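Visitor: Once you've had a glance at the structure underneath, I'll fire off some questions.
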Amino acid sequence: MVYTIGVADMKISGDNPDMLITYALGSCLGIAVYDLKLKRAGLLHCMLPDSSIDRNKATGNPYMYVDSGMKALLDNFYRNGSRKNDLIIRVAGGSSSKVNEEEDFFKIGHRNFVSLRKYLWNEDLMLKAYDIGGYGSRTVTLEVENGKMLIKSKGSLKQL
């Protein structure tokens, strides 16, 4: 089955034929977590860096923010038997809202990526790979069977 993950949403699956996909990642991040041993995959589409911006919104939907979304995603993996050493974490997105990145006043894409790296550092986790920045949107597909992450951007397709 193909599951579409919307903005401020998350999905985890352990069913081999499943594929997780999220569209139109601009400044948002598409964060993929894959457990090598348990063959479980999770994909989070978060839009803002820090849940302290609005704790009430974060309580209602933790997937809106990088920090609270990652906590919810990883907590689910750990509750279901995952160990840190078995997790592969990759991310795509974090684009600039302007063609000239210097004109991107709020730099949400950049701030999202910094927030993710800070969160992972505090949790003693590492990113395996990333496709971040630039201008334009990305589509991310994550295959549950093998953990393959595909990124479509500007008409090209690559594996991360």
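Residues in the structure tokens are numbered from 1 in each chain, the chains being A, B, ... in the order shown, and ligands are numbered from 1 in the order shown.
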Residues of stretch 21-125 of chain A in strand (DSSP E or B) according to DSSP, as a list of chain:residue names?

Guide: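 Matching residues for strand (DSSP E or B) in stretch 21-125 of chain A are A:Ile21, A:Thr22, A:Tyr23, A:Ala24, A:Leu25, A:Leu29, A:Gly30, A:Ile31, A:Ala32, A:Val33, A:Tyr34, A:Asp35, A:Arg40, A:Ala41, A:Gly42, A:Leu43, A:Leu44, A:His45, A:Cys46, A:Leu48, A:Tyr65, A:Leu87, A:Ile88, A:Ile89, A:Arg90, A:Val91, A:Ala92, A:Gly93, A:Ser96.
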
Visitor: Using only C-alpha atoms, determine which residues lie at most 9 Å from stretch 106-122 of chain A, disregarding the query and same-chain residues fewer than 3 positions distant; provide the list as a tab-separated table (two decimals) with C-alpha atoms, in the first residue's frame.

Guide:
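Done, and the output landed in around_24.tsv:
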chain	number	residue	atom	x	y	z
A	26	GLY	CA	9.92	23.20	0.33
A	27	SER	CA	11.27	24.64	3.56
A	28	CYS	CA	9.69	21.66	5.35
A	29	LEU	CA	11.73	18.57	6.15
A	46	CYS	CA	7.48	18.75	9.63
A	47	MET	CA	7.27	22.43	8.85
A	48	LEU	CA	8.74	24.48	11.70
A	49	PRO	CA	11.91	24.11	13.77
A	50	ASP	CA	10.93	24.43	17.41
A	65	TYR	CA	7.65	20.86	14.55
A	66	VAL	CA	11.04	19.22	14.06
A	67	ASP	CA	11.78	18.63	17.75
A	70	MET	CA	11.20	13.64	15.98
A	71	LYS	CA	10.46	12.80	19.61
A	91	VAL	CA	16.39	13.94	5.52
A	93	GLY	CA	13.90	19.46	2.07
A	94	GLY	CA	14.87	22.65	3.83
A	95	SER	CA	14.70	24.71	0.65
A	96	SER	CA	14.83	28.46	0.56
A	97	SER	CA	11.64	30.35	-0.19
A	101	GLU	CA	18.90	32.49	-0.48
A	102	GLU	CA	20.26	35.78	0.90
A	103	GLU	CA	16.78	37.30	0.42
A	125	LEU	CA	22.03	9.94	16.83
A	126	MET	CA	23.62	10.69	13.47
A	127	LEU	CA	22.29	11.54	10.03
A	132	ILE	CA	18.98	19.99	1.95
A	133	GLY	CA	18.69	23.56	0.75

Visitor: Counting only C-alpha atoms, what is within 9 Å of A:Asn85, bar same-chain residues fewer than 3 positions away, as a list in words?

Guide: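 That gives Asp35, Ser82, Ile88 and Leu125 of chain A.
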
Visitor: Within 8 Å of A:Lys39, counting only C-alpha atoms, which residues qualify if same-chain residues fewer than 3 places away don't, as a PyMOL selection string?

Guide: chain A and resi 14+16+34-36+144-147

Visitor: Write the residues you've just listed into a file as a PDB file, in the first residue's frame, and include C-alpha atoms for each of them.

Guide:
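Output below, filename out_29.pdb:
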ATOM      1  CA  GLY A  14       6.507  -2.509   9.036  1.00  0.00           C
ATOM      2  CA  ASN A  16       7.143  -4.957   3.282  1.00  0.00           C
ATOM      3  CA  TYR A  34      14.521   3.071   8.990  1.00  0.00           C
ATOM      4  CA  ASP A  35      15.221   0.194  11.367  1.00  0.00           C
ATOM      5  CA  LEU A  36      17.605  -2.218   9.629  1.00  0.00           C
ATOM      6  CA  VAL A 144       9.539  -0.258   3.804  1.00  0.00           C
ATOM      7  CA  GLU A 145      10.992  -3.484   2.391  1.00  0.00           C
ATOM      8  CA  ASN A 146      14.543  -2.226   2.031  1.00  0.00           C
ATOM      9  CA  GLY A 147      14.665   1.335   3.434  1.00  0.00           C
TER      10      GLY A 147
END

Visitor: Compare A:Leu25, A:Leu150, A:Leu73, A:Ala92 by their minimum atom-to-atom distance to A:Leu44, counting only C-alpha atoms, and give me the closest one.

Guide: A:Leu73

Visitor: To one decimal place in Å, what is the distance between atom CA of A:Pro17 and atom CA of A:Val2?

Guide: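 Rounded to one decimal, the two atoms are 8.5 Å apart.
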
Visitor: Which parts of chain A does DSSP call alpha helix (DSSP H) when run on the backbone here, written out as a PyMOL selection string?

Guide: chain A and resi 55-60+66-79+108-122

Visitor: Neighbouring residues of A:Asn61 were defined as those with any atom within 12 Å, considering only C-alpha atoms; residues of the same chain fewer than 3 positions away were excluded. Please report them as a VMD selection string.

Guide: chain A and resid 7 to 10 45 to 48 51 54 to 58 64 to 69 72

Visitor: Check which residues of stretch 14-34 of chain A sit at most 12 Å from stretch 154-160 of chain A using only C-alpha atoms, and return one row each with the closest pair of atoms and their distance in Å to one decimal, ordered by chain and rising number, as a tab-separated table.

Guide:
residue	atom	partner	partner_atom	distance
A:Ala24	CA	A:Lys154	CA	11.3
A:Ile31	CA	A:Leu160	CA	11.7
A:Ala32	CA	A:Leu160	CA	10.3

Visitor: Between atom CA of A:Thr141 and atom CA of A:Thr22, what distance in Å does the model show, to one decimal?

Guide: 6.7 Å
